[in-house]
Every structure is written in structure tokens, then in C-alpha cells.
file upload.cif (mmCIF, C-alpha atoms)
data_target
loop_
_atom_site.label_atom_id
_atom_site.label_comp_id
_atom_site.auth_asym_id
_atom_site.auth_seq_id
_atom_site.Cartn_x
_atom_site.Cartn_y
_atom_site.Cartn_z
CA MET A 1 0.00 0.00 0.00
CA ASN A 2 1.38 3.46 -0.87
CA GLY A 3 0.32 7.02 -1.53
CA ASP A 4 -0.87 6.11 -5.04
CA THR A 5 -3.40 3.58 -3.79
CA ARG A 6 -6.93 4.36 -4.91
CA TYR A 7 -10.07 2.80 -3.47
CA SER A 8 -13.52 2.58 -4.90
CA ILE A 9 -16.36 3.59 -2.61
CA GLY A 10 -17.26 -0.10 -2.26
CA GLU A 11 -13.75 -0.96 -1.13
CA LEU A 12 -13.83 1.83 1.44
CA ALA A 13 -17.11 0.47 2.74
CA ARG A 14 -15.63 -3.01 3.17
CA ARG A 15 -12.52 -1.70 4.91
CA THR A 16 -14.34 0.66 7.31
CA GLY A 17 -17.60 -1.17 7.93
CA LEU A 18 -19.55 1.89 6.84
CA THR A 19 -22.24 1.73 4.20
CA VAL A 20 -21.72 3.06 0.69
CA LYS A 21 -24.57 5.47 1.29
CA THR A 22 -22.89 6.84 4.43
CA ILE A 23 -19.52 7.31 2.72
CA ARG A 24 -21.20 9.03 -0.21
CA PHE A 25 -22.98 11.34 2.23
CA TYR A 26 -19.67 12.23 3.91
CA ALA A 27 -18.11 12.84 0.52
CA ASP A 28 -20.96 15.13 -0.52
CA ARG A 29 -20.50 17.08 2.71
CA GLY A 30 -16.81 17.55 1.93
CA ILE A 31 -15.67 15.56 4.96
CA VAL A 32 -14.11 12.78 2.89
CA PRO A 33 -13.57 14.18 -0.61
CA PRO A 34 -12.51 11.85 -3.44
CA SER A 35 -8.96 12.18 -4.69
CA GLY A 36 -9.95 11.50 -8.31
CA ARG A 37 -12.15 9.46 -10.62
CA SER A 38 -11.79 6.27 -12.61
CA PRO A 39 -11.86 6.33 -16.44
CA ALA A 40 -15.53 5.46 -16.12
CA GLY A 41 -16.12 8.48 -13.92
CA HIS A 42 -16.46 6.67 -10.59
CA ARG A 43 -15.06 8.30 -7.48
CA ARG A 44 -11.71 7.07 -6.21
CA TYR A 45 -10.32 7.65 -2.72
CA GLY A 46 -6.77 7.64 -1.40
CA VAL A 47 -5.24 6.34 1.81
CA GLN A 48 -5.99 9.68 3.49
CA ALA A 49 -9.72 9.14 2.89
CA LEU A 50 -9.51 5.79 4.67
CA ALA A 51 -7.83 7.43 7.68
CA ARG A 52 -10.38 10.26 7.72
CA LEU A 53 -13.27 7.81 7.63
CA GLU A 54 -11.84 5.92 10.59
CA MET A 55 -11.57 9.20 12.51
CA VAL A 56 -15.09 10.27 11.50
CA ARG A 57 -16.52 6.95 12.66
CA THR A 58 -14.76 7.24 16.01
CA LEU A 59 -15.84 10.84 16.57
CA ARG A 60 -19.43 10.05 15.60
CA GLY A 61 -19.38 7.19 18.07
CA LEU A 62 -18.35 9.70 20.74
CA GLY A 63 -21.37 11.84 19.91
CA LEU A 64 -19.82 14.72 17.96
CA ASP A 65 -21.87 16.42 15.28
CA LEU A 66 -20.79 16.43 11.62
CA PRO A 67 -19.99 20.17 11.32
CA THR A 68 -17.60 19.87 14.27
CA ILE A 69 -16.08 16.68 12.87
CA ALA A 70 -15.50 18.40 9.52
CA ARG A 71 -13.57 21.19 11.25
CA ILE A 72 -11.49 18.66 13.21
CA VAL A 73 -10.48 16.55 10.21
CA ASP A 74 -9.66 19.74 8.30
CA ARG A 75 -7.58 20.85 11.31
CA GLU A 76 -9.50 24.07 11.75
CA ILE A 77 -9.91 23.38 15.48
CA PRO A 78 -7.79 21.23 17.83
CA LEU A 79 -9.18 17.83 18.72
CA ALA A 80 -8.16 18.29 22.37
CA GLU A 81 -10.22 21.48 22.64
CA VAL A 82 -13.33 19.78 21.27
CA ALA A 83 -12.79 16.71 23.43
CA ALA A 84 -12.59 18.85 26.59
CA ALA A 85 -15.80 20.69 25.71
CA HIS A 86 -17.68 17.47 25.00
CA ALA A 87 -16.37 15.85 28.18
CA ASP A 88 -17.79 18.78 30.16
CA ALA A 89 -21.12 18.46 28.34
CA LEU A 90 -21.24 14.73 29.06
CA THR A 91 -20.62 15.42 32.74
CA VAL A 92 -23.75 17.57 32.81
CA GLN A 93 -25.74 14.95 30.90
CA ILE A 94 -24.61 12.19 33.25
CA ARG A 95 -25.68 14.24 36.27
CA LEU A 96 -29.12 14.81 34.73
CA LEU A 97 -29.45 11.10 33.95
CA ARG A 98 -28.59 10.21 37.55
CA LEU A 99 -31.20 12.66 38.81
CA ARG A 100 -33.80 11.15 36.49
CA ARG A 101 -32.88 7.64 37.61
CA ALA A 102 -33.32 8.61 41.25
CA VAL A 103 -36.70 10.19 40.53
CA LEU A 104 -37.92 7.16 38.59
CA ALA A 105 -36.80 4.86 41.41
CA MET A 106 -38.79 6.93 43.90
CA VAL A 107 -41.82 7.00 41.60
CA ALA A 108 -41.73 3.20 41.32
CA ARG A 109 -41.23 2.68 45.05
CA ARG A 110 -43.97 5.11 46.07
CA GLU A 111 -46.29 4.10 43.23
CA SER A 112 -46.70 7.83 42.64
CA THR A 113 -49.31 9.54 40.52
CA THR A 114 -48.42 11.58 37.45
CA GLU A 115 -48.69 14.75 39.52
CA GLY A 116 -46.37 13.33 42.16
CA MET A 117 -43.84 12.31 39.54
CA GLU A 118 -43.86 15.79 37.99
CA LEU A 119 -43.32 17.40 41.39
CA MET A 120 -40.42 15.09 42.26
CA HIS A 121 -38.78 15.73 38.88
CA LYS A 122 -39.15 19.47 39.36
CA LEU A 123 -37.62 19.35 42.84
CA ALA A 124 -34.74 17.12 41.71
CA THR A 125 -33.75 19.38 38.82
CA LEU A 126 -33.84 22.72 40.62
CA THR A 127 -30.75 24.86 40.19
CA GLU A 128 -28.53 25.56 43.19
CA ALA A 129 -30.02 29.05 43.49
CA GLU A 130 -33.56 27.65 43.35
CA ARG A 131 -32.75 25.06 46.03
CA GLU A 132 -31.30 27.74 48.29
CA ARG A 133 -34.36 29.92 47.75
CA LEU A 134 -36.75 27.06 48.57
CA VAL A 135 -34.94 26.19 51.80
CA GLY A 136 -34.49 29.87 52.60
CA ASP A 137 -38.23 30.53 52.31
CA PHE A 138 -38.90 27.62 54.67
CA LEU A 139 -36.34 28.83 57.23
CA ASP A 140 -37.68 32.39 57.03
CA ALA A 141 -41.18 31.09 57.72
CA VAL A 142 -39.98 29.01 60.67
CA PHE A 143 -37.36 31.34 62.21
CA GLY A 144 -38.47 34.77 60.94
CA GLY A 145 -38.54 37.35 63.73
CA VAL A 146 -36.78 35.14 66.27
CA ASP A 147 -33.55 34.20 64.47
CA ALA A 148 -31.71 37.19 65.94
CA ASP A 149 -31.24 35.01 69.00
CA PRO A 150 -27.76 33.38 68.75
CA ALA A 151 -29.31 30.11 69.90
CA PHE A 152 -30.93 29.75 66.49
CA ALA A 153 -27.78 30.27 64.41
CA GLY A 154 -26.63 26.65 64.66
CA PRO A 155 -29.98 25.04 63.86
CA ARG A 156 -30.48 27.36 60.92
CA ARG A 157 -27.07 26.49 59.45
CA SER A 158 -27.67 22.78 59.97
CA LEU A 159 -31.00 23.04 58.16
CA THR A 160 -29.40 24.47 55.02
CA PRO A 161 -28.17 21.40 53.08
CA GLN A 162 -25.92 21.48 50.05
CA LEU A 163 -26.64 18.91 47.35
CA PRO A 164 -23.33 17.72 45.81
CA ASP A 165 -22.60 18.40 42.14
CA ASP A 166 -22.64 14.65 41.51
CA PRO A 167 -25.10 13.31 44.11
CA GLU A 168 -25.79 9.68 44.88
CA ASP A 169 -29.33 8.35 44.42
CA GLU A 170 -29.86 8.39 48.19
CA GLN A 171 -28.83 12.05 48.39
CA VAL A 172 -31.24 12.99 45.62
CA GLU A 173 -34.05 11.12 47.38
CA ALA A 174 -33.20 12.81 50.69
CA TRP A 175 -33.27 16.22 49.02
CA ILE A 176 -36.66 15.53 47.44
CA GLU A 177 -38.09 14.44 50.79
CA LEU A 178 -36.68 17.57 52.47
CA ALA A 179 -38.04 19.81 49.71
CA GLU A 180 -41.46 18.23 50.06
CA LEU A 181 -41.42 18.90 53.80
CA ALA A 182 -40.30 22.49 53.21
CA GLN A 183 -43.37 23.03 51.04
CA ASP A 184 -45.74 21.35 53.48
CA ARG A 185 -47.65 24.21 55.16
CA ASP A 186 -48.80 22.08 58.08
CA PHE A 187 -45.26 20.90 58.82
CA CYS A 188 -43.98 24.47 58.50
CA ALA A 189 -46.65 25.74 60.92
CA ARG A 190 -45.82 23.07 63.51
CA MET A 191 -42.11 23.85 63.29
CA ARG A 192 -42.92 27.54 63.71
CA ARG A 193 -44.89 26.85 66.88
CA LEU A 194 -41.96 24.86 68.26
CA VAL A 195 -39.52 27.71 67.58
CA GLU A 196 -41.87 30.28 69.11
CA GLN A 197 -42.23 28.12 72.23
CA TYR A 198 -38.46 27.88 72.58
CA ALA A 199 -38.05 31.63 72.03
CA ALA A 200 -40.68 32.34 74.71
CA ASP A 201 -38.91 30.07 77.17
CA ARG A 202 -35.63 31.90 76.65
CA ALA A 203 -37.28 35.32 76.90
CA ASP A 204 -38.87 34.38 80.23
CA GLY A 205 -35.53 33.14 81.52
CA ALA A 206 -37.14 29.88 82.52
CA SER A 207 -34.43 27.77 80.92
CA THR A 208 -31.57 27.93 78.49
CA VAL A 209 -32.45 24.58 76.98
CA VAL A 210 -35.45 23.19 75.24
CA ARG A 211 -38.18 22.06 77.68
CA PRO A 212 -39.06 18.35 77.83
CA ASP A 213 -42.42 18.98 76.21
CA ALA A 214 -40.71 20.64 73.25
CA VAL A 215 -38.37 17.68 72.91
CA ALA A 216 -41.40 15.42 72.96
CA ILE A 217 -42.86 17.44 70.09
CA VAL A 218 -39.66 16.97 68.09
CA ARG A 219 -39.72 13.25 68.74
CA ALA A 220 -43.34 13.06 67.69
CA GLU A 221 -42.53 14.84 64.43
CA ALA A 222 -39.23 13.12 63.65
CA GLY A 223 -40.16 9.62 64.80
CA PRO A 224 -42.49 8.74 61.92
CA ALA A 225 -40.03 10.20 59.39
CA LEU A 226 -37.17 8.14 60.82
CA ALA A 227 -39.34 5.02 60.88
#

call {"tool": "encode", "arguments": {"input": "upload.cif", "output": "C-alpha cells"}}
result
Amino acid sequence: MNGDTRYSIGELARRTGLTVKTIRFYADRGIVPPSGRSPAGHRRYGVQALARLEMVRTLRGLGLDLPTIARIVDREIPLAEVAAAHADALTVQIRLLRLRRAVLAMVARRESTTEGMELMHKLATLTEAERERLVGDFLDAVFGGVDADPAFAGPRRSLTPQLPDDPEDEQVEAWIELAELAQDRDFCARMRRLVEQYAADRADGASTVVRPDAVAIVRAEAGPALA
């Protein structure tokens, strides 16, 4: 084999595993141009075309679009630059797929309705800013007006979770459950009453710790959730 070797489109198809139709399409798009024609007018391709087709097949298998591939094989843009960009894009796609998997697992386990599934998907795919706003609204409703007391600084910080960039299924499920609680008006109202009771105790100077009845309320609320 040397630089003068010429292949018919059928030979290229056999060597690359691509169809004649696909190679002809690439040729028409200028990605794999013929190097000449036979006396009968049929397209002929050189060794370079074979190498380009192998590269095109690999890049297509990695999910790159044809316009980008054309620029790579023509050396208009560096392969490393494109690879880095697509790796970043795949990272985002993988994260979204993991979120969807977690939601579907919860839907199946809970035997949720369509409405429940839509809510869970919405909560799972909130942006970081949206998550912070949702939790912030809940904390404002529970601690608003009493959070100037230093005693509430620790609980408020501990109730502001951060979902990792690449969360596990269990973390996604935990976030969804927390978000559902944060939007539950009855739960929010009960937590508010607990905070107000604690604030009143401290204002009266009766105690610097939560009273036993308040602890009992927490146990009554948290027990079923833990179970």
C-alpha cells in the first residue's frame, strides 16, 4: 500500500464497515472528498480518505456532530479542545441522567401519581439558586422574627443542606423528601410553633435549653419520618 493507492467507494465500505450510502454522504458534505475518478467516472479515494473515515466513525461514536467533525479533520480546530468541551457536556448529561434515575426509582417505590412524579422531577432538577431559595423561604417562615437570638444560628445552618454536584441516588431522594417537607404548610406551621415556644422560654428566663415537652414534640414529628 502506498500514496498512489486508490479505493472505490465499495472498497472503502468493506474496509471501514460503513455503508456506501454513508460514505457518499460524507463525501458530498466535503468531509471525505474523493482524490480522483476512474476512467468510467467513478469516485476514487486515497489512503488519506480511509484514515479520515476511521476518525469520523470514532468521533461520531463519541457523539460529535458532523460540522464539528469536519472542522477537526480539516484541522480548523484542535481535537483536544473539542474533546474537553464534550467531556464537560457529558458530565452535565450524566448528572441529569442520575437525577432522572433517582426520581424514577422513587416513583416506582412510592407508586406515585403523574402529579407526584412531575413534582419530584421538578424538585430534583432545581438549580442551586432555586434550592437555596426554597430552603431559605422555609427557614424564614420558621425562624423569621426570632432568628436574631444566637441560639438559632446553629440550627439554621444545619438546616441548610448542600446537594453535591454529583449526588448519589440516596442524596437525591433525601433532598426531594426535604423539599417536600419544606413546602408542606402544616409541617412548616408546627415547626414555627416549636420555635416560638423555645423563644418564649428563653425570653422568660425559665431555661436555656429546650423544655421536655418541646423535645417530645420533636420526637413526635421526627419519629415517623425516621421510621

call {"tool": "resolve_selection", "arguments": {"input": "upload.cif", "expression": "the PyMOL selection byres ((chain A and resi 74-86) around 10)", "output": "ChimeraX atom specification"}}
result
/A:30-32,52,59,62-64,68-73,87-92

call {"tool": "write_last_selection", "arguments": {"input": "upload.cif", "atoms": "C-alpha atoms", "output": "PDB file, in the coordinates of the input"}}
result
ATOM      1  CA  GLY A  30     -16.810  17.550   1.930  1.00  0.00           C
ATOM      2  CA  ILE A  31     -15.670  15.560   4.960  1.00  0.00           C
ATOM      3  CA  VAL A  32     -14.110  12.780   2.890  1.00  0.00           C
ATOM      4  CA  ARG A  52     -10.380  10.260   7.720  1.00  0.00           C
ATOM      5  CA  LEU A  59     -15.840  10.840  16.570  1.00  0.00           C
ATOM      6  CA  LEU A  62     -18.350   9.700  20.740  1.00  0.00           C
ATOM      7  CA  GLY A  63     -21.370  11.840  19.910  1.00  0.00           C
ATOM      8  CA  LEU A  64     -19.820  14.720  17.960  1.00  0.00           C
ATOM      9  CA  THR A  68     -17.600  19.870  14.270  1.00  0.00           C
ATOM     10  CA  ILE A  69     -16.080  16.680  12.870  1.00  0.00           C
ATOM     11  CA  ALA A  70     -15.500  18.400   9.520  1.00  0.00           C
ATOM     12  CA  ARG A  71     -13.570  21.190  11.250  1.00  0.00           C
ATOM     13  CA  ILE A  72     -11.490  18.660  13.210  1.00  0.00           C
ATOM     14  CA  VAL A  73     -10.480  16.550  10.210  1.00  0.00           C
ATOM     15  CA  ALA A  87     -16.370  15.850  28.180  1.00  0.00           C
ATOM     16  CA  ASP A  88     -17.790  18.780  30.160  1.00  0.00           C
ATOM     17  CA  ALA A  89     -21.120  18.460  28.340  1.00  0.00           C
ATOM     18  CA  LEU A  90     -21.240  14.730  29.060  1.00  0.00           C
ATOM     19  CA  THR A  91     -20.620  15.420  32.740  1.00  0.00           C
ATOM     20  CA  VAL A  92     -23.750  17.570  32.810  1.00  0.00           C
TER      21      VAL A  92
END

call {"tool": "axis_aligned_box", "arguments": {"input": "upload.cif", "around": "stretch 101-118 of chain A", "padding_each_side": "6 Å", "output": "lines of an AutoDock Vina configuration file"}}
result
center_x = -41.1
center_y = 9.2
center_z = 41.8
size_x = 28.4
size_y = 25.1
size_z = 20.6

call {"tool": "resolve_selection", "arguments": {"input": "upload.cif", "expression": "the PyMOL selection byres ((chain A and resi 39-45) around 7)", "output": "compact mmCIF listing (two decimals) with C-alpha atoms, in the frame of the given file"}}
result
# COMPACT_ATOMS: atom_id res chain seq x y z
CA ARG A 6 -6.93 4.36 -4.91
CA TYR A 7 -10.07 2.80 -3.47
CA SER A 8 -13.52 2.58 -4.90
CA ILE A 9 -16.36 3.59 -2.61
CA PRO A 34 -12.51 11.85 -3.44
CA SER A 35 -8.96 12.18 -4.69
CA GLY A 36 -9.95 11.50 -8.31
CA ARG A 37 -12.15 9.46 -10.62
CA SER A 38 -11.79 6.27 -12.61
CA GLY A 46 -6.77 7.64 -1.40
CA VAL A 47 -5.24 6.34 1.81
CA ALA A 49 -9.72 9.14 2.89

call {"tool": "resolve_selection", "arguments": {"input": "upload.cif", "expression": "the PyMOL selection byres ((chain A and resi 118-131) around 9)", "output": "MDAnalysis selection string"}}
result
chainID A and resid 96 99:100 102:104 106:107 113:117 132:136 162:163 172:173 175:177 179:180

call {"tool": "closest_residue", "arguments": {"input": "upload.cif", "among": "A:Arg95, A:Arg60, A:Arg185, A:Arg29", "to": "A:Pro164", "atoms": "only C-alpha atoms"}}
result
A:Arg95

call {"tool": "closest_residue", "arguments": {"input": "upload.cif", "among": "A:Gly10, A:Arg193, A:Glu170, A:Ala200", "to": "A:Ile217", "atoms": "all atoms listed in the file"}}
result
A:Arg193

call {"tool": "atom_distance", "arguments": {"input": "upload.cif", "atom1": "atom CA of A:Gly145", "atom2": "atom CA of A:Asp186"}}
result
19.2 Å

call {"tool": "build_atoms", "arguments": {"input": "upload.cif", "residues": "stretch 22-42 of chain A", "atoms": "N, CA, C and O atoms", "output": "PDB file, in the coordinates of the input"}}
result
ATOM      1  N   THR A  22     -23.479   5.962   3.422  1.00  0.00           N
ATOM      2  CA  THR A  22     -22.890   6.840   4.430  1.00  0.00           C
ATOM      3  C   THR A  22     -21.624   7.508   3.902  1.00  0.00           C
ATOM      4  O   THR A  22     -21.422   8.717   4.076  1.00  0.00           O
ATOM      5  N   ILE A  23     -20.762   6.739   3.252  1.00  0.00           N
ATOM      6  CA  ILE A  23     -19.520   7.310   2.720  1.00  0.00           C
ATOM      7  C   ILE A  23     -19.829   8.356   1.647  1.00  0.00           C
ATOM      8  O   ILE A  23     -19.198   9.417   1.592  1.00  0.00           O
ATOM      9  N   ARG A  24     -20.818   8.065   0.819  1.00  0.00           N
ATOM     10  CA  ARG A  24     -21.200   9.030  -0.210  1.00  0.00           C
ATOM     11  C   ARG A  24     -21.719  10.320   0.424  1.00  0.00           C
ATOM     12  O   ARG A  24     -21.442  11.426  -0.041  1.00  0.00           O
ATOM     13  N   PHE A  25     -22.463  10.165   1.517  1.00  0.00           N
ATOM     14  CA  PHE A  25     -22.980  11.340   2.230  1.00  0.00           C
ATOM     15  C   PHE A  25     -21.823  12.172   2.778  1.00  0.00           C
ATOM     16  O   PHE A  25     -21.809  13.405   2.648  1.00  0.00           O
ATOM     17  N   TYR A  26     -20.825  11.505   3.396  1.00  0.00           N
ATOM     18  CA  TYR A  26     -19.670  12.230   3.910  1.00  0.00           C
ATOM     19  C   TYR A  26     -18.910  12.919   2.790  1.00  0.00           C
ATOM     20  O   TYR A  26     -18.411  14.044   2.949  1.00  0.00           O
ATOM     21  N   ALA A  27     -18.817  12.258   1.664  1.00  0.00           N
ATOM     22  CA  ALA A  27     -18.110  12.840   0.520  1.00  0.00           C
ATOM     23  C   ALA A  27     -18.845  14.082   0.022  1.00  0.00           C
ATOM     24  O   ALA A  27     -18.219  15.113  -0.282  1.00  0.00           O
ATOM     25  N   ASP A  28     -20.176  13.992  -0.057  1.00  0.00           N
ATOM     26  CA  ASP A  28     -20.960  15.130  -0.520  1.00  0.00           C
ATOM     27  C   ASP A  28     -20.876  16.313   0.436  1.00  0.00           C
ATOM     28  O   ASP A  28     -20.999  17.469   0.012  1.00  0.00           O
ATOM     29  N   ARG A  29     -20.645  16.008   1.720  1.00  0.00           N
ATOM     30  CA  ARG A  29     -20.500  17.080   2.710  1.00  0.00           C
ATOM     31  C   ARG A  29     -19.089  17.633   2.751  1.00  0.00           C
ATOM     32  O   ARG A  29     -18.805  18.568   3.499  1.00  0.00           O
ATOM     33  N   GLY A  30     -18.183  17.068   1.973  1.00  0.00           N
ATOM     34  CA  GLY A  30     -16.810  17.550   1.930  1.00  0.00           C
ATOM     35  C   GLY A  30     -15.931  17.033   3.047  1.00  0.00           C
ATOM     36  O   GLY A  30     -14.774  17.447   3.178  1.00  0.00           O
ATOM     37  N   ILE A  31     -16.458  16.096   3.848  1.00  0.00           N
ATOM     38  CA  ILE A  31     -15.670  15.560   4.960  1.00  0.00           C
ATOM     39  C   ILE A  31     -14.642  14.563   4.470  1.00  0.00           C
ATOM     40  O   ILE A  31     -13.503  14.526   4.953  1.00  0.00           O
ATOM     41  N   VAL A  32     -15.022  13.755   3.485  1.00  0.00           N
ATOM     42  CA  VAL A  32     -14.110  12.780   2.890  1.00  0.00           C
ATOM     43  C   VAL A  32     -14.173  12.945   1.370  1.00  0.00           C
ATOM     44  O   VAL A  32     -14.835  12.179   0.667  1.00  0.00           O
ATOM     45  N   PRO A  33     -13.486  13.938   0.832  1.00  0.00           N
ATOM     46  CA  PRO A  33     -13.570  14.180  -0.610  1.00  0.00           C
ATOM     47  C   PRO A  33     -12.795  13.132  -1.405  1.00  0.00           C
ATOM     48  O   PRO A  33     -11.781  12.601  -0.928  1.00  0.00           O
ATOM     49  N   PRO A  34     -13.255  12.802  -2.592  1.00  0.00           N
ATOM     50  CA  PRO A  34     -12.510  11.850  -3.440  1.00  0.00           C
ATOM     51  C   PRO A  34     -11.231  12.492  -3.939  1.00  0.00           C
ATOM     52  O   PRO A  34     -11.123  13.714  -4.068  1.00  0.00           O
ATOM     53  N   SER A  35     -10.240  11.665  -4.191  1.00  0.00           N
ATOM     54  CA  SER A  35      -8.960  12.180  -4.690  1.00  0.00           C
ATOM     55  C   SER A  35      -8.891  12.135  -6.216  1.00  0.00           C
ATOM     56  O   SER A  35      -7.928  12.596  -6.813  1.00  0.00           O
ATOM     57  N   GLY A  36      -9.922  11.570  -6.845  1.00  0.00           N
ATOM     58  CA  GLY A  36      -9.950  11.500  -8.310  1.00  0.00           C
ATOM     59  C   GLY A  36     -11.103  10.630  -8.769  1.00  0.00           C
ATOM     60  O   GLY A  36     -11.983  10.269  -7.983  1.00  0.00           O
ATOM     61  N   ARG A  37     -11.092  10.302 -10.055  1.00  0.00           N
ATOM     62  CA  ARG A  37     -12.150   9.460 -10.620  1.00  0.00           C
ATOM     63  C   ARG A  37     -11.519   8.434 -11.552  1.00  0.00           C
ATOM     64  O   ARG A  37     -10.453   8.650 -12.123  1.00  0.00           O
ATOM     65  N   SER A  38     -12.229   7.333 -11.698  1.00  0.00           N
ATOM     66  CA  SER A  38     -11.790   6.270 -12.610  1.00  0.00           C
ATOM     67  C   SER A  38     -12.094   6.698 -14.037  1.00  0.00           C
ATOM     68  O   SER A  38     -12.825   7.673 -14.267  1.00  0.00           O
ATOM     69  N   PRO A  39     -11.528   5.995 -15.042  1.00  0.00           N
ATOM     70  CA  PRO A  39     -11.860   6.330 -16.440  1.00  0.00           C
ATOM     71  C   PRO A  39     -13.360   6.308 -16.716  1.00  0.00           C
ATOM     72  O   PRO A  39     -13.841   7.036 -17.591  1.00  0.00           O
ATOM     73  N   ALA A  40     -14.085   5.519 -15.922  1.00  0.00           N
ATOM     74  CA  ALA A  40     -15.530   5.460 -16.120  1.00  0.00           C
ATOM     75  C   ALA A  40     -16.269   6.550 -15.355  1.00  0.00           C
ATOM     76  O   ALA A  40     -17.497   6.652 -15.419  1.00  0.00           O
ATOM     77  N   GLY A  41     -15.506   7.374 -14.643  1.00  0.00           N
ATOM     78  CA  GLY A  41     -16.120   8.480 -13.920  1.00  0.00           C
ATOM     79  C   GLY A  41     -16.496   8.187 -12.485  1.00  0.00           C
ATOM     80  O   GLY A  41     -17.118   9.027 -11.817  1.00  0.00           O
ATOM     81  N   HIS A  42     -16.134   7.007 -11.976  1.00  0.00           N
ATOM     82  CA  HIS A  42     -16.460   6.670 -10.590  1.00  0.00           C
ATOM     83  C   HIS A  42     -15.450   7.307  -9.633  1.00  0.00           C
ATOM     84  O   HIS A  42     -14.263   7.434  -9.954  1.00  0.00           O
TER      85      HIS A  42
END
